[in-house]
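*Asks:* To be precise about what I am sending: the file is called entry02.txt and holds compact mmCIF, C-alpha atoms and all ligand atoms.
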```
# COMPACT_ATOMS: atom_id res chain seq x y z
CA MET I 1 -7.69 -14.41 12.14
CA THR I 2 -4.72 -14.48 14.47
CA ALA I 3 -2.86 -17.75 14.56
CA ALA I 4 -3.64 -20.26 17.27
CA PRO I 5 -0.39 -21.82 18.51
CA LEU I 6 0.72 -24.73 16.39
CA ASN I 7 0.46 -28.18 17.87
CA GLN I 8 3.68 -29.05 19.72
CA THR I 9 3.79 -32.37 17.84
CA VAL I 10 4.82 -30.46 14.70
CA ARG I 11 8.37 -31.65 13.93
CA THR I 12 9.04 -29.86 10.64
CA VAL I 13 8.56 -26.28 9.53
CA LEU I 14 8.19 -26.05 5.74
CA LEU I 15 8.84 -22.55 4.44
CA ASP I 16 8.10 -20.64 1.29
CA ILE I 17 10.76 -18.04 0.33
CA GLU I 18 9.32 -15.11 -1.65
CA GLY I 19 7.11 -13.04 0.64
CA THR I 20 7.77 -15.38 3.61
CA THR I 21 11.49 -15.48 4.47
CA THR I 22 12.47 -12.88 1.87
CA PRO I 23 10.93 -9.59 0.67
CA LEU I 24 9.17 -9.86 -2.72
CA ASN I 25 11.12 -6.70 -3.59
CA PHE I 26 14.41 -8.56 -3.45
CA VAL I 27 13.19 -11.05 -6.03
CA TYR I 28 11.60 -8.55 -8.39
CA ASN I 29 13.94 -5.56 -7.90
CA VAL I 30 17.28 -7.30 -7.43
CA LEU I 31 17.35 -10.94 -8.61
CA PHE I 32 15.35 -10.65 -11.85
CA PRO I 33 17.06 -7.40 -12.98
CA TYR I 34 20.43 -9.05 -12.25
CA VAL I 35 19.62 -11.79 -14.76
CA ARG I 36 18.48 -9.22 -17.32
CA SER I 37 21.69 -7.20 -17.03
CA HIS I 38 24.09 -10.17 -16.87
CA ALA I 39 22.56 -12.79 -19.20
CA MET I 40 24.42 -11.54 -22.29
CA GLN I 41 27.82 -11.52 -20.61
CA PHE I 42 27.16 -14.88 -18.90
CA LEU I 43 26.07 -16.65 -22.10
CA ALA I 44 29.00 -15.22 -24.06
CA LYS I 45 31.37 -16.64 -21.46
CA HIS I 46 29.74 -20.01 -20.71
CA ARG I 47 27.71 -21.01 -23.78
CA SER I 48 29.98 -23.95 -24.57
CA SER I 49 29.64 -25.57 -21.12
CA PRO I 50 27.45 -28.69 -21.29
CA GLU I 51 25.16 -27.47 -18.47
CA VAL I 52 24.52 -24.15 -20.18
CA LEU I 53 23.98 -25.88 -23.54
CA ALA I 54 21.33 -28.04 -21.83
CA ASP I 55 19.57 -24.90 -20.55
CA ILE I 56 19.72 -23.35 -24.01
CA ALA I 57 18.21 -26.51 -25.51
CA ALA I 58 15.40 -26.41 -22.92
CA LEU I 59 14.75 -22.76 -23.77
CA HIS I 60 14.52 -23.63 -27.47
CA GLN I 61 11.94 -26.31 -26.68
CA GLU I 62 9.96 -23.85 -24.62
CA TYR I 63 10.16 -21.33 -27.46
CA MET I 64 8.66 -23.86 -29.89
CA VAL I 65 5.78 -24.47 -27.47
CA ASP I 66 5.19 -20.71 -27.12
CA LEU I 67 5.32 -20.32 -30.88
CA ARG I 68 2.86 -23.14 -31.52
CA GLY I 69 0.63 -21.83 -28.75
CA GLY I 70 0.34 -18.50 -30.61
CA LEU I 71 1.95 -16.52 -27.75
CA ASP I 72 4.06 -14.54 -30.23
CA PRO I 73 7.44 -14.84 -28.46
CA PRO I 74 10.39 -12.76 -29.77
CA THR I 75 12.08 -14.64 -32.61
CA LEU I 76 14.75 -17.12 -31.57
CA GLY I 77 17.30 -18.23 -34.16
CA PRO I 78 18.24 -21.85 -34.83
CA ASP I 79 19.58 -23.95 -31.96
CA THR I 80 23.19 -24.16 -33.14
CA GLN I 81 26.55 -23.67 -31.41
CA ASP I 82 27.30 -20.42 -33.25
CA ALA I 83 23.79 -18.95 -33.03
CA GLU I 84 23.52 -15.32 -31.93
CA ILE I 85 23.21 -14.78 -28.18
CA GLU I 86 21.16 -11.60 -28.42
CA PRO I 87 17.84 -13.22 -29.52
CA LEU I 88 18.25 -15.75 -26.70
CA VAL I 89 18.66 -12.95 -24.15
CA THR I 90 15.60 -11.18 -25.56
CA TYR I 91 13.59 -14.39 -25.20
CA VAL I 92 14.87 -14.89 -21.61
CA GLU I 93 13.75 -11.32 -20.79
CA TRP I 94 10.34 -12.07 -22.33
CA LEU I 95 10.01 -15.15 -20.09
CA ILE I 96 11.03 -13.20 -16.97
CA GLU I 97 8.43 -10.51 -17.78
CA ARG I 98 5.83 -13.26 -17.74
CA ASP I 99 7.20 -14.61 -14.42
CA ARG I 100 7.55 -18.00 -16.15
CA LYS I 101 8.55 -20.82 -13.77
CA SER I 102 9.93 -23.20 -16.38
CA THR I 103 12.85 -25.46 -15.54
CA GLY I 104 15.17 -24.21 -18.34
CA LEU I 105 14.75 -20.58 -17.32
CA LYS I 106 15.10 -21.35 -13.59
CA SER I 107 18.21 -23.40 -14.24
CA LEU I 108 19.91 -20.66 -16.29
CA GLN I 109 18.89 -18.00 -13.76
CA GLY I 110 20.40 -20.10 -10.96
CA LYS I 111 23.75 -20.24 -12.76
CA ILE I 112 23.80 -16.48 -13.38
CA TRP I 113 22.99 -15.79 -9.72
CA GLU I 114 25.63 -18.28 -8.60
CA GLU I 115 28.28 -16.24 -10.38
CA GLY I 116 26.91 -13.02 -8.84
CA TYR I 117 26.85 -14.40 -5.29
CA LYS I 118 30.32 -15.85 -5.65
CA ASN I 119 31.91 -12.66 -6.96
CA GLY I 120 30.18 -10.64 -4.23
CA GLU I 121 27.86 -8.62 -6.52
CA LEU I 122 24.77 -10.23 -5.02
CA GLN I 123 23.72 -10.58 -1.40
CA SER I 124 20.34 -11.98 -0.48
CA GLN I 125 17.81 -10.42 1.86
CA ILE I 126 15.89 -12.19 4.57
CA PHE I 127 13.65 -10.74 7.25
CA ASP I 128 15.35 -10.06 10.63
CA ASP I 129 13.31 -12.67 12.53
CA VAL I 130 14.38 -15.50 10.20
CA PRO I 131 17.90 -16.32 11.51
CA ARG I 132 16.82 -16.28 15.16
CA ALA I 133 13.79 -18.46 14.38
CA PHE I 134 16.05 -20.96 12.56
CA LYS I 135 18.29 -21.22 15.63
CA ARG I 136 15.32 -21.51 18.02
CA TRP I 137 13.45 -24.15 16.03
CA ARG I 138 16.57 -26.26 15.68
CA LYS I 139 17.27 -26.00 19.38
CA GLN I 140 13.71 -27.28 19.89
CA GLY I 141 14.61 -30.27 17.75
CA ARG I 142 12.55 -29.16 14.75
CA LYS I 143 13.58 -29.55 11.13
CA ILE I 144 13.53 -26.62 8.71
CA CYS I 145 12.70 -27.32 5.05
CA ILE I 146 12.13 -25.06 2.07
CA PHE I 147 9.52 -25.34 -0.70
CA SER I 148 9.90 -22.65 -3.36
CA SER I 149 9.37 -22.30 -7.10
CA GLY I 150 12.99 -21.12 -7.41
CA SER I 151 15.36 -23.98 -8.26
CA VAL I 152 17.06 -25.86 -5.41
CA LEU I 153 20.36 -24.30 -6.53
CA ALA I 154 18.84 -20.80 -6.29
CA GLN I 155 17.37 -21.61 -2.86
CA LYS I 156 20.72 -22.83 -1.50
CA LEU I 157 22.54 -19.79 -2.90
CA LEU I 158 20.00 -17.46 -1.33
CA PHE I 159 20.35 -18.92 2.15
CA ALA I 160 24.14 -19.24 1.85
CA HIS I 161 24.63 -15.52 1.08
CA THR I 162 22.35 -13.57 3.44
CA GLN I 163 23.22 -10.32 5.17
CA THR I 164 23.72 -12.35 8.37
CA GLY I 165 25.85 -15.04 6.76
CA ASP I 166 25.31 -18.65 5.73
CA LEU I 167 22.05 -20.14 7.02
CA THR I 168 22.23 -23.40 5.06
CA PRO I 169 23.55 -25.42 8.06
CA HIS I 170 20.08 -24.95 9.60
CA ILE I 171 18.19 -26.30 6.58
CA HIS I 172 17.37 -29.99 6.37
CA ALA I 173 15.92 -30.22 2.83
CA TYR I 174 14.97 -28.15 -0.21
CA PHE I 175 12.05 -28.77 -2.57
CA ASP I 176 11.29 -27.01 -5.86
CA THR I 177 8.83 -27.46 -8.73
CA THR I 178 10.50 -30.73 -9.72
CA THR I 179 8.61 -32.13 -6.68
CA GLY I 180 5.37 -30.58 -7.94
CA ALA I 181 3.44 -27.32 -8.14
CA LYS I 182 2.91 -25.37 -4.95
CA SER I 183 -0.83 -25.23 -5.50
CA ASP I 184 -1.08 -29.01 -5.92
CA LEU I 185 -2.07 -31.16 -2.93
CA ALA I 186 0.03 -34.07 -4.25
CA SER I 187 3.25 -32.03 -3.83
CA TYR I 188 2.68 -31.85 -0.07
CA LEU I 189 1.93 -35.57 0.20
CA LYS I 190 5.15 -36.25 -1.67
CA ILE I 191 7.17 -33.94 0.61
CA ALA I 192 5.72 -35.62 3.73
CA SER I 193 6.59 -39.02 2.33
CA LEU I 194 10.14 -37.94 1.36
CA LEU I 195 10.64 -36.54 4.87
CA GLU I 196 9.10 -39.70 6.36
CA GLN I 197 6.80 -37.52 8.46
CA ALA I 198 3.08 -37.61 9.13
CA GLU I 199 1.42 -34.75 7.20
CA SER I 200 0.01 -33.35 10.47
CA ASP I 201 3.54 -33.08 11.92
CA ILE I 202 4.52 -30.54 9.25
CA ALA I 203 3.65 -26.84 9.44
CA PHE I 204 3.69 -24.96 6.13
CA ILE I 205 4.18 -21.18 6.12
CA SER I 206 3.54 -19.14 2.97
CA ASP I 207 2.31 -15.72 1.83
CA VAL I 208 -0.11 -17.19 -0.72
CA THR I 209 -3.48 -18.64 0.31
CA THR I 210 -3.87 -21.00 -2.65
CA GLU I 211 -0.59 -22.73 -1.66
CA LEU I 212 -1.75 -23.00 1.95
CA ASP I 213 -5.11 -24.42 0.83
CA ALA I 214 -3.26 -27.19 -1.04
CA GLY I 215 -1.03 -27.88 1.97
CA ARG I 216 -3.97 -28.06 4.31
CA SER I 217 -5.90 -30.37 2.00
CA ALA I 218 -2.91 -32.71 2.26
CA GLY I 219 -3.16 -32.58 6.06
CA LEU I 220 -0.41 -30.07 6.91
CA ALA I 221 -0.81 -27.35 9.53
CA THR I 222 -0.73 -23.94 7.82
CA LEU I 223 0.07 -20.31 8.60
CA LEU I 224 -0.34 -17.28 6.34
CA CYS I 225 2.67 -14.95 6.56
CA ARG I 226 1.99 -11.26 6.04
CA ARG I 227 5.11 -9.25 5.27
CA PRO I 228 5.65 -5.66 4.07
CA GLY I 229 5.22 -5.52 0.28
CA ASN I 230 3.21 -8.75 0.00
CA ARG I 231 0.18 -9.01 -2.25
CA PRO I 232 -3.14 -8.93 -0.37
CA GLN I 233 -4.57 -12.37 0.45
CA PRO I 234 -7.86 -13.56 1.91
CA GLU I 235 -7.01 -13.77 5.60
CA LYS I 236 -10.00 -15.59 7.00
CA THR I 237 -9.03 -19.18 6.39
CA HIS I 238 -5.51 -19.67 7.74
CA GLY I 239 -3.88 -18.48 10.94
CA LEU I 240 -2.07 -15.20 10.30
CA ILE I 241 1.46 -14.31 11.41
CA GLN I 242 3.60 -11.25 10.68
CA SER I 243 6.88 -12.59 12.03
CA PHE I 244 8.49 -15.98 12.72
CA ASP I 245 8.86 -14.76 16.34
CA GLU I 246 5.23 -15.89 16.70
CA VAL I 247 5.97 -19.47 15.66
CA PHE I 248 7.20 -21.80 18.42
CA PRO I 249 8.48 -18.85 20.50
MG MG T 301 5.73 -16.81 -1.62
```
Now that the file is in, can you turn its structure into C-alpha cells?
Ligand SMILES: [Mg+2]
*Replies:*
Amino acid sequence: MTAAPLNQTVRTVLLDIEGTTTPLNFVYNVLFPYVRSHAMQFLAKHRSSPEVLADIAALHQEYMVDLRGGLDPPTLGPDTQDAEIEPLVTYVEWLIERDRKSTGLKSLQGKIWEEGYKNGELQSQIFDDVPRAFKRWRKQGRKICIFSSGSVLAQKLLFAHTQTGDLTPHIHAYFDTTTGAKSDLASYLKIASLLEQAESDIAFISDVTTELDAGRSAGLATLLCRRPGNRPQPEKTHGLIQSFDEVFP
C-alpha cells in the first residue's frame, strides 16, 4: 500500500542504513570486499594495538563457540601475540560469507574501513534524496537518528564520507546491536526511552518488514522503503515509500 502521510506529531525519524539510505550493493560489493582485501595488511600493521588485540580475542571466543557448535569453521591457531595472521584472515572471511553480525567482527571491520575512508580509498554511497531530506527534516525541527546492525563507528564513518560530503552534523544519535536486535521489540522501547520520546512520536524507516513489525509492536510509526536492488518484502502491512522525498515533504 502507498504510505499515508505520517502524523505531524512525529519528532524523530529513525533510519536503517542498508537498503534504506544506502544501496545494498555498496555494502556487499564495496565494504565487505574491502575488508577481505585489506584485513591481512591491516592486522600485520596494527595487531599489537590494544583495541585490535581486543577484537582478535573476541574473534577467538567466537571461533570456540563455532567449533563447539559443530559449524566447522576454518582452523584458527592459538590466541598468542606471535600467532599467524593468515588463519585469522581466513576465519574473518568465513564470518563475512555468513553475514555474521558479531561484535568482534563488526569492530574489526569498522577499524579497517576507518583507515580506508581516511586515506581516501573508500567513499560511501547514499541515495540522492537522503541529503536533501536530512536538511528538510532538520529545518522542520525533527531529529534524525540511525539504527543499523553496523557498529556505531561504521555508521559515523559512512555518513561522514558520502559523495556529497559529511552528513554527520544532521544526525542526532546512532544505535547499533549493542542496543538490541533490530527484530526485537525491546530495542525500539529502549531507543524511545534513550531519546526521551513517546514511541508514537518516532517514525522508523527500513527495507525489512520483520524490523518494521518489531518497531510497530513497540508503538513506532513505520514505513517500508523500497530501493533499487533491495530484497523483495511483503508490502501489504506497512506504508510503502520509494524515496525520502515522500516523507515530510
Ligand atoms: Mg536494511
*Asks:* Would you kindly return, as a PyMOL selection string, each protein, DNA or RNA residue with an atom no farther than 7 Å from any atom of stretch 178-187 of chain I, considering only C-alpha atoms and excluding same-chain residues fewer than 6 positions away?
*Replies:* chain I and resi 210-211+214-215+217-218
*Asks:* Which is closer to ligand MG 301 (chain T) than all the others in I:Leu53, I:Leu14, I:Cys225, I:Leu194, using only C-alpha atoms and all ligand atoms?
*Replies:*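 The closest residue to ligand MG 301 (chain T) is I:Cys225.
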*Asks:* Excluding I:Val247 and its own-chain neighbours fewer than 2 positions away, which residues fall within 9 Å of it when counting only C-alpha atoms? Please give them as a PyMOL selection string.
*Replies:* chain I and resi 5-6+133+137+241+243-245+249
*Asks:* Save the residues we just selected, C-alpha atoms, as a PDB file, in the coordinates of the input?
*Replies:*
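Everything below was put into result.pdb:
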```pdb
ATOM      1  CA  PRO I   5      -0.390 -21.820  18.510  1.00  0.00           C
ATOM      2  CA  LEU I   6       0.720 -24.730  16.390  1.00  0.00           C
ATOM      3  CA  ALA I 133      13.790 -18.460  14.380  1.00  0.00           C
ATOM      4  CA  TRP I 137      13.450 -24.150  16.030  1.00  0.00           C
ATOM      5  CA  ILE I 241       1.460 -14.310  11.410  1.00  0.00           C
ATOM      6  CA  SER I 243       6.880 -12.590  12.030  1.00  0.00           C
ATOM      7  CA  PHE I 244       8.490 -15.980  12.720  1.00  0.00           C
ATOM      8  CA  ASP I 245       8.860 -14.760  16.340  1.00  0.00           C
ATOM      9  CA  PRO I 249       8.480 -18.850  20.500  1.00  0.00           C
TER      10      PRO I 249
END
```
*Asks:* Name all residues at most 12 Å from I:Gly116 (count all atoms listed in the file; drop same-chain ones fewer than 4 positions away) and give them as a list of chain:residue names.
*Replies:*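 In the requested format, the answer is I:Val30, I:Leu31, I:Tyr34, I:Val35, I:Ser37, I:His38, I:Ala39, I:Gln41, I:Phe42, I:Gln109, I:Gly110, I:Lys111, I:Ile112, I:Gly120, I:Glu121, I:Leu122, I:Gln123, I:Ser124, I:Ala154, I:Leu157, I:Leu158, I:His161.
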*Asks:* Please compute the atom CA of I:Gln125-atom CA of I:Gln242 distance, one decimal, in Å.
*Replies:*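 Taking atom CA of I:Gln125 as the start and atom CA of I:Gln242 as the end point, the length is 16.7 Å.
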*Asks:* Can you tell me how far atom CA of I:Ser48 sits from atom CA of I:Glu62, in Å to one decimal?
*Replies:*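 Atom-to-atom, atom CA of I:Ser48 to atom CA of I:Glu62, that is 20.0 Å.
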*Asks:* Quick one: residues within 9 Å of I:Asp16, all atoms listed in the file counted, chain neighbours fewer than 2 positions away excluded, as a list in words?
*Replies:*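 Here the answer would be Leu14, Glu18, Gly19, Thr20, Thr21, Thr22, Cys145, Ile146, Phe147, Ser148, Ser149, Phe204, Ile205, Ser206 and Asp207 of chain I.
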*Asks:* I'd like to know which of I:Lys156, I:Arg142, I:Arg231, I:Lys190 is closest to ligand MG 301 (chain T), using only C-alpha atoms and all ligand atoms.
*Replies:*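 Comparing I:Lys156, I:Arg142, I:Arg231, I:Lys190 against ligand MG 301 (chain T), the winner is I:Arg231.
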*Asks:* Nearest to I:Leu76 among I:Trp94, I:Phe26, I:Phe134, I:Tyr188, with distances taken over all atoms listed in the file: which residue is it?
*Replies:*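 Closest candidate: I:Trp94.
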*Asks:* Considering all atoms listed in the file, state which residue in the set I:Val130, I:Leu212, I:Leu105, I:Ala173 is at the smallest distance from ligand MG 301 (chain T).
*Replies:*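 Nearest candidate to ligand MG 301 (chain T) out of I:Val130, I:Leu212, I:Leu105, I:Ala173: I:Leu212.
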*Asks:* Would you mind telling me which residue in I:Leu15, I:Glu246, I:Ile202, I:Gln8 lies nearest to ligand MG 301 (chain T) when using all atoms listed in the file?
*Replies:*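 Closest to ligand MG 301 (chain T), using all atoms listed in the file: I:Leu15.
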*Asks:* Rebuild N, CA and C atoms on stretch 136-164 of chain I, as an mmCIF file, in the coordinates of the input?
*Replies:*
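This went into result_8.cif:
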```cif
data_model
loop_
_atom_site.group_PDB
_atom_site.id
_atom_site.type_symbol
_atom_site.label_atom_id
_atom_site.label_comp_id
_atom_site.auth_asym_id
_atom_site.auth_seq_id
_atom_site.Cartn_x
_atom_site.Cartn_y
_atom_site.Cartn_z
ATOM 1 N N ARG I 136 16.270 -21.088 16.968
ATOM 2 C CA ARG I 136 15.320 -21.510 18.020
ATOM 3 C C ARG I 136 14.670 -22.840 17.661
ATOM 4 N N TRP I 137 14.171 -22.941 16.444
ATOM 5 C CA TRP I 137 13.450 -24.150 16.030
ATOM 6 C C TRP I 137 14.379 -25.364 16.057
ATOM 7 N N ARG I 138 15.622 -25.131 15.675
ATOM 8 C CA ARG I 138 16.570 -26.260 15.680
ATOM 9 C C ARG I 138 16.897 -26.694 17.096
ATOM 10 N N LYS I 139 17.017 -25.704 17.969
ATOM 11 C CA LYS I 139 17.270 -26.000 19.380
ATOM 12 C C LYS I 139 16.106 -26.812 19.952
ATOM 13 N N GLN I 140 14.901 -26.547 19.454
ATOM 14 C CA GLN I 140 13.710 -27.280 19.890
ATOM 15 C C GLN I 140 13.628 -28.668 19.253
ATOM 16 N N GLY I 141 14.594 -28.969 18.401
ATOM 17 C CA GLY I 141 14.610 -30.270 17.750
ATOM 18 C C GLY I 141 13.754 -30.337 16.499
ATOM 19 N N ARG I 142 13.396 -29.170 15.958
ATOM 20 C CA ARG I 142 12.550 -29.160 14.750
ATOM 21 C C ARG I 142 13.419 -29.049 13.499
ATOM 22 N N LYS I 143 12.888 -29.627 12.416
ATOM 23 C CA LYS I 143 13.580 -29.550 11.130
ATOM 24 C C LYS I 143 13.045 -28.369 10.328
ATOM 25 N N ILE I 144 13.932 -27.724 9.569
ATOM 26 C CA ILE I 144 13.530 -26.620 8.710
ATOM 27 C C ILE I 144 13.718 -27.061 7.261
ATOM 28 N N CYS I 145 12.638 -26.963 6.473
ATOM 29 C CA CYS I 145 12.700 -27.320 5.050
ATOM 30 C C CYS I 145 12.135 -26.178 4.225
ATOM 31 N N ILE I 146 12.542 -26.144 2.964
ATOM 32 C CA ILE I 146 12.130 -25.060 2.070
ATOM 33 C C ILE I 146 11.339 -25.655 0.900
ATOM 34 N N PHE I 147 10.250 -24.970 0.517
ATOM 35 C CA PHE I 147 9.520 -25.340 -0.700
ATOM 36 C C PHE I 147 9.262 -24.049 -1.478
ATOM 37 N N SER I 148 9.975 -23.895 -2.599
ATOM 38 C CA SER I 148 9.900 -22.650 -3.360
ATOM 39 C C SER I 148 9.913 -22.973 -4.847
ATOM 40 N N SER I 149 9.365 -22.077 -5.654
ATOM 41 C CA SER I 149 9.370 -22.300 -7.100
ATOM 42 C C SER I 149 10.739 -21.976 -7.696
ATOM 43 N N GLY I 150 11.610 -21.292 -6.949
ATOM 44 C CA GLY I 150 12.990 -21.120 -7.410
ATOM 45 C C GLY I 150 13.704 -22.469 -7.363
ATOM 46 N N SER I 151 14.685 -22.684 -8.236
ATOM 47 C CA SER I 151 15.360 -23.980 -8.260
ATOM 48 C C SER I 151 16.073 -24.244 -6.942
ATOM 49 N N VAL I 152 16.349 -25.513 -6.651
ATOM 50 C CA VAL I 152 17.060 -25.860 -5.410
ATOM 51 C C VAL I 152 18.404 -25.137 -5.358
ATOM 52 N N LEU I 153 19.089 -25.037 -6.511
ATOM 53 C CA LEU I 153 20.360 -24.300 -6.530
ATOM 54 C C LEU I 153 20.138 -22.852 -6.088
ATOM 55 N N ALA I 154 19.115 -22.197 -6.640
ATOM 56 C CA ALA I 154 18.840 -20.800 -6.290
ATOM 57 C C ALA I 154 18.478 -20.665 -4.811
ATOM 58 N N GLN I 155 17.750 -21.638 -4.281
ATOM 59 C CA GLN I 155 17.370 -21.610 -2.860
ATOM 60 C C GLN I 155 18.615 -21.702 -1.970
ATOM 61 N N LYS I 156 19.504 -22.646 -2.300
ATOM 62 C CA LYS I 156 20.720 -22.830 -1.500
ATOM 63 C C LYS I 156 21.596 -21.582 -1.553
ATOM 64 N N LEU I 157 21.726 -21.006 -2.754
ATOM 65 C CA LEU I 157 22.540 -19.790 -2.900
ATOM 66 C C LEU I 157 21.984 -18.674 -2.051
ATOM 67 N N LEU I 158 20.650 -18.542 -2.079
ATOM 68 C CA LEU I 158 20.000 -17.460 -1.330
ATOM 69 C C LEU I 158 20.286 -17.581 0.162
ATOM 70 N N PHE I 159 20.139 -18.778 0.712
ATOM 71 C CA PHE I 159 20.350 -18.920 2.150
ATOM 72 C C PHE I 159 21.837 -18.959 2.530
ATOM 73 N N ALA I 160 22.701 -19.219 1.565
ATOM 74 C CA ALA I 160 24.140 -19.240 1.850
ATOM 75 C C ALA I 160 24.732 -17.831 1.856
ATOM 76 N N HIS I 161 24.045 -16.861 1.241
ATOM 77 C CA HIS I 161 24.630 -15.520 1.080
ATOM 78 C C HIS I 161 23.698 -14.448 1.629
ATOM 79 N N THR I 162 23.240 -14.587 2.860
ATOM 80 C CA THR I 162 22.350 -13.570 3.440
ATOM 81 C C THR I 162 23.185 -12.492 4.126
ATOM 82 N N GLN I 163 22.511 -11.415 4.493
ATOM 83 C CA GLN I 163 23.220 -10.320 5.170
ATOM 84 C C GLN I 163 23.738 -10.754 6.541
ATOM 85 N N THR I 164 23.197 -11.872 7.087
ATOM 86 C CA THR I 164 23.720 -12.350 8.370
ATOM 87 C C THR I 164 24.539 -13.637 8.192
#
```
